[in-house]
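Peer 1: target24.cif (mmCIF, C-alpha atoms) pasted underneath:
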```cif
data_upload
loop_
_atom_site.label_atom_id
_atom_site.label_comp_id
_atom_site.auth_asym_id
_atom_site.auth_seq_id
_atom_site.Cartn_x
_atom_site.Cartn_y
_atom_site.Cartn_z
CA MET A 1 -20.93 -1.35 -17.16
CA GLU A 2 -21.80 2.31 -17.48
CA GLU A 3 -19.19 4.84 -16.40
CA ARG A 4 -21.47 6.46 -13.83
CA THR A 5 -22.10 3.04 -12.26
CA VAL A 6 -18.34 2.38 -12.03
CA ILE A 7 -17.76 5.80 -10.46
CA GLU A 8 -20.51 5.17 -7.89
CA ILE A 9 -19.13 1.70 -7.03
CA ILE A 10 -15.58 3.07 -6.68
CA GLY A 11 -16.78 5.85 -4.36
CA LEU A 12 -18.75 3.43 -2.19
CA LEU A 13 -15.84 0.96 -2.07
CA GLN A 14 -13.49 3.76 -1.01
CA GLU A 15 -15.86 4.73 1.80
CA VAL A 16 -16.39 1.22 3.19
CA THR A 17 -12.69 0.40 2.82
CA SER A 18 -11.67 3.60 4.63
CA ASN A 19 -13.99 2.99 7.55
CA GLY A 20 -13.11 -0.72 7.80
CA ALA A 21 -16.61 -1.95 6.97
CA ILE A 22 -15.24 -4.25 4.27
CA GLN A 23 -12.24 -6.58 4.23
CA TRP A 24 -10.00 -7.30 1.26
CA GLU A 25 -7.88 -10.40 0.67
CA ASN A 26 -4.73 -10.69 -1.40
CA ASP A 27 -5.28 -13.46 -3.93
CA GLY A 28 -1.59 -13.37 -4.93
CA ASN A 29 0.35 -11.01 -7.18
CA ASP A 30 -1.39 -8.12 -5.38
CA VAL A 31 -4.80 -8.93 -6.80
CA PHE A 32 -7.17 -7.88 -4.03
CA SER A 33 -10.66 -9.31 -3.73
CA THR A 34 -13.72 -8.81 -1.60
CA SER A 35 -17.31 -9.93 -1.67
CA VAL A 36 -20.45 -7.82 -1.39
CA ASP A 37 -23.63 -9.84 -0.87
CA ASN A 38 -21.92 -12.87 -2.47
CA CYS A 39 -20.78 -10.88 -5.51
CA GLN A 40 -16.99 -10.86 -5.76
CA ILE A 41 -14.91 -7.86 -6.86
CA ASN A 42 -11.23 -8.13 -7.83
CA ILE A 43 -8.87 -5.21 -8.33
CA SER A 44 -5.26 -5.12 -9.50
CA SER A 45 -2.67 -2.58 -10.61
CA ASN A 46 -0.26 -3.56 -13.38
CA TYR A 47 2.34 -2.36 -15.83
CA ASP A 48 2.07 -3.08 -19.56
CA GLY A 49 5.64 -3.20 -20.84
CA TYR A 50 4.51 -3.51 -24.44
CA ASN A 51 2.59 -0.24 -24.31
CA ASN A 52 4.83 1.26 -21.62
CA ASP A 53 1.78 2.25 -19.57
CA TYR A 54 0.27 1.50 -16.16
CA TYR A 55 -3.26 0.16 -15.87
CA VAL A 56 -5.78 -0.97 -13.27
CA ASN A 57 -8.14 -3.86 -13.70
CA LEU A 58 -11.55 -4.44 -12.08
CA ALA A 59 -13.40 -7.74 -12.37
CA PHE A 60 -16.96 -8.31 -11.20
CA PHE A 61 -18.57 -11.69 -10.47
CA ASN A 62 -22.21 -12.50 -9.80
CA ALA A 63 -23.44 -14.51 -6.80
CA ASP A 64 -22.94 -17.74 -8.80
CA GLY A 65 -19.23 -16.93 -9.25
CA VAL A 66 -19.59 -16.11 -12.93
CA GLN A 67 -17.55 -13.14 -14.11
CA PHE A 68 -19.91 -10.65 -15.73
CA ASP A 69 -17.63 -7.70 -16.40
CA THR A 70 -13.96 -6.75 -16.57
CA LEU A 71 -12.87 -3.16 -16.79
CA THR A 72 -9.35 -1.99 -17.60
CA TYR A 73 -8.26 1.62 -17.35
CA TYR A 74 -4.90 2.85 -18.62
CA GLU A 75 -3.07 5.72 -16.97
CA THR A 76 -2.62 7.76 -20.13
CA PRO A 77 -5.82 7.78 -22.22
CA GLU A 78 -8.29 7.26 -19.35
CA ARG A 79 -6.56 9.30 -16.67
CA GLU A 80 -9.65 10.34 -14.69
CA LEU A 81 -11.09 6.85 -14.25
CA TYR A 82 -7.60 5.37 -13.90
CA ASN A 83 -6.90 7.79 -11.03
CA LYS A 84 -10.17 6.87 -9.27
CA VAL A 85 -9.62 3.12 -9.56
CA HIS A 86 -5.89 3.37 -8.78
CA GLY A 87 -6.71 5.50 -5.73
CA LEU A 88 -9.01 2.72 -4.51
CA TYR A 89 -6.29 0.14 -5.19
CA ASN A 90 -3.77 2.19 -3.17
CA LEU A 91 -6.25 2.54 -0.29
CA ILE A 92 -6.86 -1.22 -0.25
CA SER A 93 -3.13 -1.94 -0.41
CA ASP A 94 -2.48 0.51 2.45
CA LYS A 95 -5.17 -1.11 4.62
CA TYR A 96 -4.14 -4.68 3.75
CA TYR A 97 -0.41 -4.19 4.34
CA LYS A 98 -0.92 -1.60 7.12
CA LYS A 99 1.49 0.73 5.32
CA SER A 100 0.45 4.07 6.87
CA GLU A 101 0.15 2.50 10.31
CA SER A 102 3.62 0.96 9.98
CA GLU A 103 5.09 4.22 8.68
CA ARG A 104 3.75 6.03 11.76
CA ILE A 105 5.20 3.34 14.05
CA ILE A 106 8.61 3.55 12.34
CA ILE A 107 8.70 7.35 12.52
CA SER A 108 7.66 7.29 16.17
CA GLY A 109 10.28 4.66 16.97
CA LEU A 110 13.02 6.60 15.21
CA LYS A 111 12.07 9.79 17.03
CA LYS A 112 12.22 7.91 20.35
CA LEU A 113 15.70 6.65 19.46
CA ILE A 114 16.86 10.17 18.63
CA HIS A 115 15.27 11.54 21.80
CA ASN A 116 16.95 8.83 23.90
CA GLN A 117 20.35 9.64 22.38
CA THR A 118 20.07 13.34 23.18
CA GLU A 119 19.22 12.76 26.85
CA PRO A 120 22.22 13.10 29.23
#
```
Represent the supplied structure as C-alpha cells.
Peer 2:
Amino acid sequence: MEERTVIEIIGLLQEVTSNGAIQWENDGNDVFSTSVDNCQINISSNYDGYNNDYYVNLAFFNADGVQFDTLTYYETPERELYNKVHGLYNLISDKYYKKSESERIIISGLKKLIHNQTEP
C-alpha cells in the first residue's frame, strides 16, 4: 500500500473514531478491529524485545476475509508513520476502554471527596 494511501486511511479512521461513527472491538491481546463496508482492519501496538523497539501493526482484509496487506511501523526508523498509526491506536484504546472518560470521573469524584471533607 502506498504511503499516501496509508496516511489518508489513518486520518479518516482517526476522524470517524473520534466522532463515534465507527466502533472497534478488542480481539484479544489489545488487537483492535473494525469493518468498513465489509473490509476488516486490525491494529495493534507491540514491543519487540529482540530489537528493543516498539512497533504498530496494521492488517487489511478484503470483503471476502482475505488479508491483502500488513503494514508494520517501528518507532525508531519510521517515526513519522509510527506516530500517526500509534496515535490512532491510542485513540481507539481510549474510546474502547473509556480511559479519558473514566479519568474525568475519578478526578471529579476525588475532588468531591476533598470538598466534602473541608465542609464544616
Peer 1: Can you spell out as number ranges by chain the set of residues that the PyMOL selection byres ((chain A and resi 72) around 7) selects in the structure I just provided?
Peer 2: A: 55-58, 70-71, 73-74
Peer 1: Go ahead and save the picked residues with C-alpha atoms, as a CSV table (one decimal), in the coordinates of the input.
Peer 2:
```csv
chain,number,residue,atom,x,y,z
A,55,TYR,CA,-3.3,0.2,-15.9
A,56,VAL,CA,-5.8,-1.0,-13.3
A,57,ASN,CA,-8.1,-3.9,-13.7
A,58,LEU,CA,-11.6,-4.4,-12.1
A,70,THR,CA,-14.0,-6.8,-16.6
A,71,LEU,CA,-12.9,-3.2,-16.8
A,73,TYR,CA,-8.3,1.6,-17.4
A,74,TYR,CA,-4.9,2.8,-18.6
```
Peer 1: What's around Asp53 (chain A) at 7 Å? Count all atoms listed in the file, leave out sequence neighbours fewer than 3 positions away in its own chain, and write the answer as an MDAnalysis selection string.
Peer 2: chainID A and resid 47:49 74:75
Peer 1: What does the distance from CA of Asn19 (chain A) to CA of Asn38 (chain A) come to in Å, to one decimal?
Peer 2: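 According to the coordinates, CA of Asn19 (chain A) and CA of Asn38 (chain A) are separated by 20.4 Å.
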Peer 1: Evaluate the PyMOL selection byres ((chain A and resi 22) around 12) against this structure - the residues, as a tab-separated table (two decimals) with C-alpha atoms, keeping the file's coordinate frame, please.
Peer 2:
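Output below, filename selection13.tsv:
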```
chain	number	residue	atom	x	y	z
A	12	LEU	CA	-18.75	3.43	-2.19
A	13	LEU	CA	-15.84	0.96	-2.07
A	14	GLN	CA	-13.49	3.76	-1.01
A	15	GLU	CA	-15.86	4.73	1.80
A	16	VAL	CA	-16.39	1.22	3.19
A	17	THR	CA	-12.69	0.40	2.82
A	18	SER	CA	-11.67	3.60	4.63
A	19	ASN	CA	-13.99	2.99	7.55
A	20	GLY	CA	-13.11	-0.72	7.80
A	21	ALA	CA	-16.61	-1.95	6.97
A	23	GLN	CA	-12.24	-6.58	4.23
A	24	TRP	CA	-10.00	-7.30	1.26
A	25	GLU	CA	-7.88	-10.40	0.67
A	33	SER	CA	-10.66	-9.31	-3.73
A	34	THR	CA	-13.72	-8.81	-1.60
A	35	SER	CA	-17.31	-9.93	-1.67
A	36	VAL	CA	-20.45	-7.82	-1.39
A	37	ASP	CA	-23.63	-9.84	-0.87
A	41	ILE	CA	-14.91	-7.86	-6.86
A	92	ILE	CA	-6.86	-1.22	-0.25
A	95	LYS	CA	-5.17	-1.11	4.62
A	96	TYR	CA	-4.14	-4.68	3.75
```
Peer 1: Mind pulling up the distance from CA of Ile10 (chain A) to CA of Arg79 (chain A)?
Peer 2: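 According to the coordinates, CA of Arg79 (chain A) and CA of Ile10 (chain A) are separated by 14.8 Å.
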Peer 1: Enter the distance from CA of Phe68 (chain A) to CA of Ser93 (chain A), in Å, rounded to one decimal.
Peer 2: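 So the answer is 24.3 Å.
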Peer 1: Copy region 9-24 of chain A out of the block into a file, keeping all heavy atoms, as a PDB file, in the first residue's frame.
Peer 2:
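Output (out00.pdb):
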```pdb
ATOM      1  N   ILE A   9      -5.930   6.911   5.034  1.00  0.00           N
ATOM      2  CA  ILE A   9      -6.764   5.976   5.806  1.00  0.00           C
ATOM      3  C   ILE A   9      -6.649   6.267   7.297  1.00  0.00           C
ATOM      4  O   ILE A   9      -7.658   6.314   8.004  1.00  0.00           O
ATOM      5  CB  ILE A   9      -6.384   4.511   5.492  1.00  0.00           C
ATOM      6  CG1 ILE A   9      -6.845   4.141   4.076  1.00  0.00           C
ATOM      7  CG2 ILE A   9      -6.988   3.557   6.529  1.00  0.00           C
ATOM      8  CD1 ILE A   9      -6.363   2.788   3.583  1.00  0.00           C
ATOM      9  N   ILE A  10      -5.427   6.497   7.789  1.00  0.00           N
ATOM     10  CA  ILE A  10      -5.223   6.773   9.215  1.00  0.00           C
ATOM     11  C   ILE A  10      -5.975   8.047   9.609  1.00  0.00           C
ATOM     12  O   ILE A  10      -6.667   8.083  10.626  1.00  0.00           O
ATOM     13  CB  ILE A  10      -3.721   6.908   9.548  1.00  0.00           C
ATOM     14  CG1 ILE A  10      -2.984   5.601   9.296  1.00  0.00           C
ATOM     15  CG2 ILE A  10      -3.519   7.366  10.997  1.00  0.00           C
ATOM     16  CD1 ILE A  10      -3.558   4.401   9.980  1.00  0.00           C
ATOM     17  N   GLY A  11      -5.873   9.088   8.807  1.00  0.00           N
ATOM     18  CA  GLY A  11      -6.577  10.334   9.100  1.00  0.00           C
ATOM     19  C   GLY A  11      -8.082  10.150   9.152  1.00  0.00           C
ATOM     20  O   GLY A  11      -8.758  10.652  10.056  1.00  0.00           O
ATOM     21  N   LEU A  12      -8.620   9.419   8.175  1.00  0.00           N
ATOM     22  CA  LEU A  12     -10.063   9.164   8.150  1.00  0.00           C
ATOM     23  C   LEU A  12     -10.496   8.298   9.326  1.00  0.00           C
ATOM     24  O   LEU A  12     -11.538   8.543   9.941  1.00  0.00           O
ATOM     25  CB  LEU A  12     -10.455   8.515   6.823  1.00  0.00           C
ATOM     26  CG  LEU A  12     -10.318   9.413   5.594  1.00  0.00           C
ATOM     27  CD1 LEU A  12     -10.452   8.598   4.305  1.00  0.00           C
ATOM     28  CD2 LEU A  12     -11.333  10.540   5.627  1.00  0.00           C
ATOM     29  N   LEU A  13      -9.698   7.288   9.665  1.00  0.00           N
ATOM     30  CA  LEU A  13     -10.025   6.439  10.817  1.00  0.00           C
ATOM     31  C   LEU A  13      -9.999   7.240  12.115  1.00  0.00           C
ATOM     32  O   LEU A  13     -10.831   7.030  12.998  1.00  0.00           O
ATOM     33  CB  LEU A  13      -9.066   5.251  10.907  1.00  0.00           C
ATOM     34  CG  LEU A  13      -9.298   4.121   9.912  1.00  0.00           C
ATOM     35  CD1 LEU A  13      -8.154   3.108   9.967  1.00  0.00           C
ATOM     36  CD2 LEU A  13     -10.634   3.428  10.190  1.00  0.00           C
ATOM     37  N   GLN A  14      -9.040   8.151  12.243  1.00  0.00           N
ATOM     38  CA  GLN A  14      -8.994   8.993  13.440  1.00  0.00           C
ATOM     39  C   GLN A  14     -10.262   9.838  13.544  1.00  0.00           C
ATOM     40  O   GLN A  14     -10.842   9.973  14.618  1.00  0.00           O
ATOM     41  CB  GLN A  14      -7.758   9.888  13.425  1.00  0.00           C
ATOM     42  CG  GLN A  14      -6.492   9.130  13.730  1.00  0.00           C
ATOM     43  CD  GLN A  14      -5.252   9.987  13.637  1.00  0.00           C
ATOM     44  OE1 GLN A  14      -5.148  10.861  12.777  1.00  0.00           O
ATOM     45  NE2 GLN A  14      -4.296   9.721  14.507  1.00  0.00           N
ATOM     46  N   GLU A  15     -10.688  10.393  12.423  1.00  0.00           N
ATOM     47  CA  GLU A  15     -11.879  11.247  12.427  1.00  0.00           C
ATOM     48  C   GLU A  15     -13.135  10.466  12.808  1.00  0.00           C
ATOM     49  O   GLU A  15     -13.900  10.887  13.683  1.00  0.00           O
ATOM     50  CB  GLU A  15     -12.056  11.896  11.052  1.00  0.00           C
ATOM     51  CG  GLU A  15     -13.204  12.889  11.019  1.00  0.00           C
ATOM     52  CD  GLU A  15     -13.314  13.613   9.680  1.00  0.00           C
ATOM     53  OE1 GLU A  15     -12.299  13.716   8.953  1.00  0.00           O
ATOM     54  OE2 GLU A  15     -14.425  14.085   9.382  1.00  0.00           O
ATOM     55  N   VAL A  16     -13.362   9.320  12.168  1.00  0.00           N
ATOM     56  CA  VAL A  16     -14.588   8.560  12.456  1.00  0.00           C
ATOM     57  C   VAL A  16     -14.535   7.893  13.824  1.00  0.00           C
ATOM     58  O   VAL A  16     -15.578   7.650  14.438  1.00  0.00           O
ATOM     59  CB  VAL A  16     -14.928   7.530  11.342  1.00  0.00           C
ATOM     60  CG1 VAL A  16     -15.196   8.238  10.028  1.00  0.00           C
ATOM     61  CG2 VAL A  16     -13.854   6.472  11.184  1.00  0.00           C
ATOM     62  N   THR A  17     -13.335   7.612  14.323  1.00  0.00           N
ATOM     63  CA  THR A  17     -13.209   7.060  15.675  1.00  0.00           C
ATOM     64  C   THR A  17     -13.487   8.152  16.698  1.00  0.00           C
ATOM     65  O   THR A  17     -14.204   7.927  17.677  1.00  0.00           O
ATOM     66  CB  THR A  17     -11.809   6.452  15.899  1.00  0.00           C
ATOM     67  OG1 THR A  17     -11.606   5.390  14.946  1.00  0.00           O
ATOM     68  CG2 THR A  17     -11.666   5.882  17.297  1.00  0.00           C
ATOM     69  N   SER A  18     -12.948   9.342  16.477  1.00  0.00           N
ATOM     70  CA  SER A  18     -13.155  10.468  17.396  1.00  0.00           C
ATOM     71  C   SER A  18     -14.625  10.844  17.513  1.00  0.00           C
ATOM     72  O   SER A  18     -15.108  11.123  18.608  1.00  0.00           O
ATOM     73  CB  SER A  18     -12.376  11.697  16.932  1.00  0.00           C
ATOM     74  OG  SER A  18     -11.012  11.506  17.085  1.00  0.00           O
ATOM     75  N   ASN A  19     -15.323  10.849  16.389  1.00  0.00           N
ATOM     76  CA  ASN A  19     -16.721  11.286  16.449  1.00  0.00           C
ATOM     77  C   ASN A  19     -17.697  10.134  16.698  1.00  0.00           C
ATOM     78  O   ASN A  19     -18.905  10.329  16.670  1.00  0.00           O
ATOM     79  CB  ASN A  19     -17.104  12.083  15.190  1.00  0.00           C
ATOM     80  CG  ASN A  19     -17.131  11.258  13.929  1.00  0.00           C
ATOM     81  OD1 ASN A  19     -17.286  10.035  13.953  1.00  0.00           O
ATOM     82  ND2 ASN A  19     -16.988  11.914  12.787  1.00  0.00           N
ATOM     83  N   GLY A  20     -17.166   8.928  16.937  1.00  0.00           N
ATOM     84  CA  GLY A  20     -18.012   7.794  17.304  1.00  0.00           C
ATOM     85  C   GLY A  20     -18.763   7.168  16.150  1.00  0.00           C
ATOM     86  O   GLY A  20     -19.677   6.362  16.365  1.00  0.00           O
ATOM     87  N   ALA A  21     -18.379   7.486  14.917  1.00  0.00           N
ATOM     88  CA  ALA A  21     -19.075   6.947  13.747  1.00  0.00           C
ATOM     89  C   ALA A  21     -18.665   5.510  13.449  1.00  0.00           C
ATOM     90  O   ALA A  21     -19.294   4.849  12.617  1.00  0.00           O
ATOM     91  CB  ALA A  21     -18.823   7.826  12.527  1.00  0.00           C
ATOM     92  N   ILE A  22     -17.624   5.033  14.107  1.00  0.00           N
ATOM     93  CA  ILE A  22     -17.151   3.670  13.872  1.00  0.00           C
ATOM     94  C   ILE A  22     -16.853   3.027  15.230  1.00  0.00           C
ATOM     95  O   ILE A  22     -16.445   3.699  16.163  1.00  0.00           O
ATOM     96  CB  ILE A  22     -15.895   3.676  12.964  1.00  0.00           C
ATOM     97  CG1 ILE A  22     -15.660   2.311  12.354  1.00  0.00           C
ATOM     98  CG2 ILE A  22     -14.679   4.152  13.706  1.00  0.00           C
ATOM     99  CD1 ILE A  22     -14.632   2.330  11.246  1.00  0.00           C
ATOM    100  N   GLN A  23     -17.118   1.744  15.328  1.00  0.00           N
ATOM    101  CA  GLN A  23     -16.889   1.008  16.568  1.00  0.00           C
ATOM    102  C   GLN A  23     -15.739   0.024  16.375  1.00  0.00           C
ATOM    103  O   GLN A  23     -15.609  -0.583  15.314  1.00  0.00           O
ATOM    104  CB  GLN A  23     -18.148   0.226  16.978  1.00  0.00           C
ATOM    105  CG  GLN A  23     -19.350   1.119  17.248  1.00  0.00           C
ATOM    106  CD  GLN A  23     -19.117   2.073  18.395  1.00  0.00           C
ATOM    107  OE1 GLN A  23     -18.610   1.689  19.442  1.00  0.00           O
ATOM    108  NE2 GLN A  23     -19.467   3.333  18.194  1.00  0.00           N
ATOM    109  N   TRP A  24     -14.926  -0.116  17.418  1.00  0.00           N
ATOM    110  CA  TRP A  24     -13.805  -1.046  17.395  1.00  0.00           C
ATOM    111  C   TRP A  24     -14.058  -2.139  18.421  1.00  0.00           C
ATOM    112  O   TRP A  24     -14.656  -1.899  19.460  1.00  0.00           O
ATOM    113  CB  TRP A  24     -12.511  -0.316  17.743  1.00  0.00           C
ATOM    114  CG  TRP A  24     -12.079   0.660  16.706  1.00  0.00           C
ATOM    115  CD1 TRP A  24     -12.491   1.955  16.573  1.00  0.00           C
ATOM    116  CD2 TRP A  24     -11.162   0.429  15.640  1.00  0.00           C
ATOM    117  NE1 TRP A  24     -11.882   2.552  15.495  1.00  0.00           N
ATOM    118  CE2 TRP A  24     -11.054   1.629  14.903  1.00  0.00           C
ATOM    119  CE3 TRP A  24     -10.404  -0.677  15.243  1.00  0.00           C
ATOM    120  CZ2 TRP A  24     -10.230   1.757  13.791  1.00  0.00           C
ATOM    121  CZ3 TRP A  24      -9.589  -0.547  14.142  1.00  0.00           C
ATOM    122  CH2 TRP A  24      -9.508   0.650  13.424  1.00  0.00           C
TER     123      TRP A  24
END
```
